[in-house]
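Undergrad: So that we are looking at the same thing, I have put the structure below in structure tokens.
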Number of protein chains: 2
Amino acid sequence: MIRVLLAEDQAMVRGALSALLNLESDIEVLGSACDGEAAWRELQKLKPDVLVTDIEMPGLTGLELAQRIQRHELPIKVIIVTTFARPGFLRRALDAGVSGYLLKDAPAENLAEALRTVHRGGRAIDPQLALEAWSEADPLNDRERQVLRLAGEGQSAGDIATALNLSHGTVRNYLSEAIGKLGVANRIEAYRLARQKGWL
Amino acid sequence: MIRVLLAEDQAMVRGALSALLNLESDIEVLGSACDGEAAWRELQKLKPDVLVTDIEMPGLTGLELAQRIQRHELPIKVIIVTTFARPGFLRRALDAGVSGYLLKDAPAENLAEALRTVHRGGRAIDPQLALEAWSEADPLNDRERQVLRLAGEGQSAGDIATALNLSHGTVRNYLSEAIGKLGVANRIEAYRLARQKGWL
DNA sequence: GCGCGCGAGTGACGCTTGTCACACGCGATG
DNA sequence: CATCGCGTGTGACAAGCGTCACTCGCGCGC
């Protein structure tokens with residue numbers, strides 16, 4: 001019997017996934033949580049074999065949750081199930097020691113299958129995403145990331161400078177750098193591209 | 001027996017919802033589709049009582065699908081199930097004659113309940129969203145919307161002008177209008193705000 | 001100690017944006 | 001018919017943006 005905890009912020013999807021897994025005779029859904037912190041508490045109480053978690057959740061994200069499990073060396077496998085086919089996310093997930101990474105685009109049967117594979121000690125990584133993940137590294141450095149994030153929220157160079165205690169000119173230099181590295185024409189495209197790749 | 005067709009682009013969520021609904025003894029999932037066009041074809045073949053559809057799907061969106069059903073006066077109720085609590089979306093959905101509008105944030109039991117209500121001829125609208133929907137009207141006109149959409153993709157005034165067969169100055173006038181109406185400082189914020197409200 | 005790279009800042013250049021006042025044509029309304 | 005509103009276009013201006021060449025200081029390796 002594979003004992004599973006489910007973390008997913010959208011209640012309807014959570015309920016539906018739970019129904020889906022409970023159809024399997026060798027899988028038991030112990031419980032579910034609507035955010036990372038709740039999942040962390042349940043985790044310690046219920047001690048499941050596998051945690052199935054989304055990435056985007058209020059408060060603690062699925063990636064941070066996986067990191068925390070790794071740091072505490074808990075004997076719990078992690079499977080990430082997410083909407084986002086962002087190579088950067090998969091990379092960070094692997095660094096956090098997760099055993100599975102599936103897309104919500106994948107057929108529903110894959111989930112139970114992945115659970116079994118992981119429970120047996122294997123790994124279940126979306127194959128085409130795995131390729132992309134190693135093909136392209138994040139070219140941005142920390143400053144460029146910070147600046148780009150704020151620029152994407154509509155802040156001007158001046159605003160960003162104040163927020164980061166930099167000079168207005170330096171901010172524009174970083175933005176220019178980022179735009180150049182990403183091969184796009186302006187900050188908006190740069191933000192969109194970086195975000196889509198999961199570099200944020 | 002309530003006969004249901006499911007339209008949802010994310011295969012895993014689709015499978016999970018299907019499993020969820022099939023647990024109910026009075027509900028039968030006839031089939032499912034992964035985009036709007038596929039749903040439209042299935043609809044005519046299977047003639048379900050109720051269509052449960054997401055909004056964001058490749059090609060034809062759930063809203064457009066609902067409009068099409070309304071125009072053809074098909075005897076099929078529509079329930080929208082979406083991630084987005086955007087007042088503008090609900091508004092457009094109601095204009096398209098849908099009977100239900102649920103958020104994926106809502107508890108999973110609500111879906112079956114909503115299906116029954118709608119099948120009985122009632123309506124199932126997320127209550128708190130219903131309030132917001134009438135509080136704020138979309139201040140943008142068609143041109144402003146088009147221009148803002150393209151601006152949000154990083155296109156310059158010149159690019160947008162070419163795309164819409166307008167002059168470069170006119171595009172800037174529209175953008176300025178939109179920025180003013182939304183009370184923000186630049187195109188990026190304008191895009192974000194409009195998008196969040198569902199005015200897009 | 002010297003040079004090197006790197007983070008940060010400066011100043012200048014030309015282009016893009018955001019704003020505004022104004023003009024034109026056209027359909028609706030009086 | 002005159003007039004209004006509306007969509008569109010123009011021209012001008014200031015501010016912001018993207019780029020580049022250059023500077024300064026600091027830590028690191030040789």
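Chain lettering (A, B, ...) mirrors the order of the structure tokens, residue numbering begins at 1 for each chain separately, and ligand numbering begins at 1 in order of display.
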Quote the C-alpha RMSD, in Å to one decimal, that results from superposing chain A on chain B by least squares across all C-alpha atoms in order.
TA: 0.7 Å
Undergrad: With 8 Å as the cut-off and only C-alpha atoms (C1' of nucleotides) counted, what is the closest atom pair between each nearby residue of chain D and chain A? Distances in Å to one decimal, ordered by chain and number, as a Markdown table.
TA:
| residue | atom | partner | partner_atom | distance |
| --- | --- | --- | --- | --- |
| D:DG16 | C1' | A:Ser156 | CA | 8.0 |
| D:DC17 | C1' | A:Arg172 | CA | 7.9 |
| D:DG18 | C1' | A:Ser176 | CA | 6.1 |
| D:DT19 | C1' | A:Ser176 | CA | 7.4 |
Undergrad: Selection from above, all heavy atoms, as a tab-separated table (two decimals), in the first residue's frame, can you write it?
TA:
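This is the output file result04.tsv:
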chain	number	residue	atom	x	y	z
D	16	DG	P	10.97	60.50	-15.60
D	16	DG	OP1	10.20	60.06	-14.41
D	16	DG	OP2	12.33	61.07	-15.49
D	16	DG	O5'	11.07	59.26	-16.59
D	16	DG	C5'	9.90	58.62	-17.05
D	16	DG	C4'	10.30	57.57	-18.06
D	16	DG	O4'	10.86	58.21	-19.23
D	16	DG	C3'	11.37	56.60	-17.56
D	16	DG	O3'	10.91	55.28	-17.83
D	16	DG	C2'	12.61	56.95	-18.37
D	16	DG	C1'	12.00	57.50	-19.65
D	16	DG	N9	12.85	58.43	-20.39
D	16	DG	C8	13.40	59.60	-19.92
D	16	DG	N7	14.10	60.24	-20.83
D	16	DG	C5	14.00	59.44	-21.95
D	16	DG	C6	14.55	59.62	-23.25
D	16	DG	O6	15.26	60.54	-23.66
D	16	DG	N1	14.21	58.57	-24.10
D	16	DG	C2	13.43	57.49	-23.75
D	16	DG	N2	13.21	56.58	-24.70
D	16	DG	N3	12.90	57.32	-22.54
D	16	DG	C4	13.23	58.33	-21.71
D	17	DC	P	11.76	54.02	-17.49
D	17	DC	OP1	10.82	52.92	-17.21
D	17	DC	OP2	12.82	54.39	-16.55
D	17	DC	O5'	12.44	53.71	-18.90
D	17	DC	C5'	11.61	53.45	-20.02
D	17	DC	C4'	12.44	53.01	-21.19
D	17	DC	O4'	13.17	54.14	-21.69
D	17	DC	C3'	13.47	51.93	-20.90
D	17	DC	O3'	13.33	50.93	-21.88
D	17	DC	C2'	14.81	52.65	-20.97
D	17	DC	C1'	14.51	53.77	-21.95
D	17	DC	N1	15.30	55.03	-21.79
D	17	DC	C2	16.02	55.51	-22.89
D	17	DC	O2	16.01	54.90	-23.94
D	17	DC	N3	16.71	56.68	-22.74
D	17	DC	C4	16.69	57.33	-21.59
D	17	DC	N4	17.37	58.48	-21.49
D	17	DC	C5	15.95	56.85	-20.46
D	17	DC	C6	15.28	55.70	-20.60
D	18	DG	P	14.12	49.55	-21.80
D	18	DG	OP1	13.32	48.48	-22.43
D	18	DG	OP2	14.60	49.41	-20.41
D	18	DG	O5'	15.35	49.88	-22.73
D	18	DG	C5'	15.15	49.90	-24.13
D	18	DG	C4'	16.47	49.97	-24.85
D	18	DG	O4'	17.06	51.27	-24.62
D	18	DG	C3'	17.51	48.94	-24.40
D	18	DG	O3'	18.16	48.46	-25.57
D	18	DG	C2'	18.42	49.76	-23.49
D	18	DG	C1'	18.39	51.12	-24.17
D	18	DG	N9	18.66	52.27	-23.31
D	18	DG	C8	18.26	52.48	-22.02
D	18	DG	N7	18.64	53.63	-21.53
D	18	DG	C5	19.34	54.23	-22.56
D	18	DG	C6	19.99	55.48	-22.63
D	18	DG	O6	20.07	56.34	-21.76
D	18	DG	N1	20.57	55.69	-23.88
D	18	DG	C2	20.53	54.80	-24.93
D	18	DG	N2	21.14	55.17	-26.04
D	18	DG	N3	19.93	53.62	-24.88
D	18	DG	C4	19.36	53.40	-23.67
D	19	DT	P	19.51	47.55	-25.47
D	19	DT	OP1	19.57	46.72	-26.68
D	19	DT	OP2	19.63	46.93	-24.13
D	19	DT	O5'	20.65	48.65	-25.61
D	19	DT	C5'	20.75	49.36	-26.84
D	19	DT	C4'	22.04	50.15	-26.86
D	19	DT	O4'	21.96	51.23	-25.91
D	19	DT	C3'	23.28	49.33	-26.47
D	19	DT	O3'	24.17	49.41	-27.57
D	19	DT	C2'	23.81	50.01	-25.22
D	19	DT	C1'	23.23	51.41	-25.34
D	19	DT	N1	23.01	52.13	-24.06
D	19	DT	C2	23.45	53.43	-23.96
D	19	DT	O2	24.02	54.00	-24.87
D	19	DT	N3	23.20	54.02	-22.75
D	19	DT	C4	22.56	53.46	-21.66
D	19	DT	O4	22.40	54.10	-20.63
D	19	DT	C5	22.13	52.10	-21.83
D	19	DT	C7	21.43	51.41	-20.72
D	19	DT	C6	22.37	51.51	-23.01
Undergrad: Name the residues in contact with B:Ile2 at a cut-off of 9 Å, using only C-alpha atoms (C1' of nucleotides), excluding same-chain residues fewer than 2 positions from it; report them as an MDAnalysis selection string.
TA: chainID B and resid 4 26:29 48:50 115:116 119
Undergrad: Dump as a Markdown table the rows for residues of chain B within 12 Å of chain A: closest atom pair and distance in Å with one decimal, only C-alpha atoms counted, ordered by chain and rising residue number.
TA:
| residue | atom | partner | partner_atom | distance |
| --- | --- | --- | --- | --- |
| B:Glu8 | CA | A:Asp105 | CA | 10.0 |
| B:Asp9 | CA | A:Asp105 | CA | 7.2 |
| B:Gln10 | CA | A:Asp105 | CA | 4.4 |
| B:Ala11 | CA | A:Asp105 | CA | 4.8 |
| B:Met12 | CA | A:Ala108 | CA | 4.1 |
| B:Val13 | CA | A:Lys104 | CA | 6.5 |
| B:Arg14 | CA | A:Ala108 | CA | 7.6 |
| B:Gly15 | CA | A:Ala108 | CA | 5.1 |
| B:Ala16 | CA | A:Ala16 | CA | 4.7 |
| B:Leu17 | CA | A:Ala16 | CA | 5.0 |
| B:Ser18 | CA | A:Ala16 | CA | 7.9 |
| B:Ala19 | CA | A:Leu20 | CA | 5.3 |
| B:Leu20 | CA | A:Ala16 | CA | 5.1 |
| B:Leu21 | CA | A:Ala16 | CA | 8.4 |
| B:Asn22 | CA | A:Ala19 | CA | 9.5 |
| B:Leu23 | CA | A:Ala19 | CA | 8.0 |
| B:Glu24 | CA | A:Ala19 | CA | 11.1 |
| B:Cys34 | CA | A:Asp105 | CA | 9.7 |
| B:Met57 | CA | A:Asp105 | CA | 11.7 |
| B:Val81 | CA | A:Met12 | CA | 9.3 |
| B:Thr82 | CA | A:Met12 | CA | 9.9 |
| B:Thr83 | CA | A:Gln10 | CA | 7.9 |
| B:Phe84 | CA | A:Gln10 | CA | 11.0 |
| B:Leu102 | CA | A:Met12 | CA | 9.5 |
| B:Leu103 | CA | A:Met12 | CA | 7.9 |
| B:Lys104 | CA | A:Met12 | CA | 4.9 |
| B:Asp105 | CA | A:Gln10 | CA | 4.4 |
| B:Ala106 | CA | A:Ala11 | CA | 5.5 |
| B:Pro107 | CA | A:Ala11 | CA | 5.0 |
| B:Ala108 | CA | A:Met12 | CA | 4.1 |
| B:Glu109 | CA | A:Met12 | CA | 7.9 |
| B:Asn110 | CA | A:Met12 | CA | 8.3 |
| B:Leu111 | CA | A:Met12 | CA | 7.9 |
| B:Ala112 | CA | A:Met12 | CA | 10.8 |
| B:Leu150 | CA | A:Ile188 | CA | 11.1 |
| B:Ala151 | CA | A:Ile188 | CA | 8.7 |
| B:Gly152 | CA | A:Ile188 | CA | 7.3 |
| B:Glu153 | CA | A:Glu189 | CA | 6.6 |
| B:Gly154 | CA | A:Ile188 | CA | 4.8 |
| B:Gln155 | CA | A:Glu189 | CA | 8.1 |
| B:Ser156 | CA | A:Asn186 | CA | 8.8 |
| B:Asp159 | CA | A:Ala185 | CA | 11.7 |
| B:Ile179 | CA | A:Gly154 | CA | 11.9 |
| B:Val184 | CA | A:Gly154 | CA | 9.3 |
| B:Ala185 | CA | A:Gly154 | CA | 8.1 |
| B:Asn186 | CA | A:Gly154 | CA | 6.9 |
| B:Arg187 | CA | A:Gly154 | CA | 7.7 |
| B:Ile188 | CA | A:Gly154 | CA | 4.8 |
| B:Glu189 | CA | A:Gly154 | CA | 4.9 |
| B:Ala190 | CA | A:Gly154 | CA | 8.4 |
| B:Tyr191 | CA | A:Gly154 | CA | 9.1 |
| B:Arg192 | CA | A:Glu153 | CA | 7.8 |
| B:Leu193 | CA | A:Glu153 | CA | 10.2 |
Undergrad: Set the cut-off to 12 Å and count only C-alpha atoms (C1' of nucleotides): what are the residues of chain C that reach chain B? Output as a JSON list (two decimals) with N, CA and C atoms (P, O5', C5', C4', C3', O3' and C1' of nucleotides), in the first residue's frame.
TA:
[["chain", "number", "residue", "atom", "x", "y", "z"],
["C", 15, "DC", "P", 17.77, 57.90, -33.73],
["C", 15, "DC", "O5'", 16.70, 56.87, -33.16],
["C", 15, "DC", "C5'", 17.16, 55.61, -32.64],
["C", 15, "DC", "C4'", 16.19, 55.17, -31.55],
["C", 15, "DC", "C3'", 14.71, 55.31, -31.95],
["C", 15, "DC", "O3'", 14.11, 54.03, -31.82],
["C", 15, "DC", "C1'", 15.10, 56.27, -29.81],
["C", 16, "DT", "P", 12.51, 53.86, -32.13],
["C", 16, "DT", "O5'", 11.85, 53.92, -30.68],
["C", 16, "DT", "C5'", 12.24, 52.98, -29.70],
["C", 16, "DT", "C4'", 11.43, 53.23, -28.44],
["C", 16, "DT", "C3'", 9.92, 53.26, -28.66],
["C", 16, "DT", "O3'", 9.36, 52.42, -27.67],
["C", 16, "DT", "C1'", 10.61, 55.19, -27.51],
["C", 17, "DT", "P", 7.78, 52.13, -27.50],
["C", 17, "DT", "O5'", 7.37, 52.81, -26.12],
["C", 17, "DT", "C5'", 8.16, 53.80, -25.59],
["C", 17, "DT", "C4'", 7.60, 54.32, -24.29],
["C", 17, "DT", "C3'", 6.08, 54.34, -24.12],
["C", 17, "DT", "O3'", 5.79, 54.31, -22.73],
["C", 17, "DT", "C1'", 6.88, 56.54, -24.39],
["C", 18, "DG", "P", 4.24, 54.14, -22.23],
["C", 18, "DG", "O5'", 3.82, 55.64, -21.91],
["C", 18, "DG", "C5'", 4.45, 56.29, -20.83],
["C", 18, "DG", "C4'", 3.89, 57.70, -20.67],
["C", 18, "DG", "C3'", 2.37, 57.81, -20.75],
["C", 18, "DG", "O3'", 1.97, 58.72, -19.73],
["C", 18, "DG", "C1'", 3.35, 59.25, -22.35],
["C", 19, "DT", "P", 0.44, 59.23, -19.57],
["C", 19, "DT", "O5'", 0.49, 60.62, -20.31],
["C", 19, "DT", "C5'", 1.33, 61.65, -19.78],
["C", 19, "DT", "C4'", 1.11, 62.92, -20.56],
["C", 19, "DT", "C3'", -0.37, 63.30, -20.76],
["C", 19, "DT", "O3'", -0.56, 64.56, -20.16],
["C", 19, "DT", "C1'", 0.86, 63.54, -22.78],
["C", 20, "DC", "P", -2.05, 65.11, -19.88],
["C", 20, "DC", "O5'", -2.21, 66.27, -20.96],
["C", 20, "DC", "C5'", -1.08, 67.08, -21.29],
["C", 20, "DC", "C4'", -1.29, 67.73, -22.65],
["C", 20, "DC", "C3'", -2.74, 68.04, -23.02],
["C", 20, "DC", "O3'", -2.87, 69.43, -23.19],
["C", 20, "DC", "C1'", -1.56, 67.11, -24.84]]
Undergrad: Using the chain letters and numbers from this document, which residues of stretch 37-157 of chain A does DSSP assign to strand (DSSP E or B), as a ChimeraX atom specification?
TA: /A:50-53,77-82,100-103,124-125
Undergrad: Restricting the calculation to only C-alpha atoms: of A:Leu148, A:Ile76, A:Ile160, A:Ala33, which residue gets closest to A:Gly121?
TA: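 For A:Gly121, the nearest of the given residues is A:Ile76.
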Undergrad: Mind dumping a table of every stretch 60-167 of chain B residue within 10 Å of stretch 4-9 of chain D, with the nearest atom pair and its distance in Å to one decimal, using only C-alpha atoms (C1' of nucleotides), sorted by chain and rising number, as JSON lines?
TA:
{"residue": "B:Arg143", "atom": "CA", "partner": "D:DG7", "partner_atom": "C1'", "distance": 9.5}
{"residue": "B:Leu166", "atom": "CA", "partner": "D:DT8", "partner_atom": "C1'", "distance": 8.1}
{"residue": "B:Ser167", "atom": "CA", "partner": "D:DG9", "partner_atom": "C1'", "distance": 7.0}
Undergrad: Leaving out A:Lys197 and any residue of its chain fewer than 3 positions from it, which residues lie within 8 Å of it when counting only C-alpha atoms (C1' of nucleotides), given as a PyMOL selection string?
TA: chain A and resi 86-88+193-194+200
Undergrad: What residues in stretch 8-196 of chain A get the DSSP label helix (DSSP H, G or I)? Please answer as a PyMOL selection string.
TA: chain A and resi 11-22+36-46+62-71+87-95+109-119+127-135+142-152+157-164+168-182+187-196
Undergrad: Need to verify the contact set: D:DC30, 12 Å, only C-alpha atoms (C1' of nucleotides), exclusion of same-chain residues closer than 5 positions in sequence. Can you return it as a compact mmCIF listing (two decimals) with C-alpha atoms (C1' of nucleotides), in the first residue's frame?
TA:
# COMPACT_ATOMS: atom_id res chain seq x y z
C1' DG C 1 52.86 44.29 -5.56
C1' DC C 2 50.53 44.02 -9.89
C1' DG C 3 47.05 42.99 -12.82
C1' DC C 4 42.57 41.15 -13.44
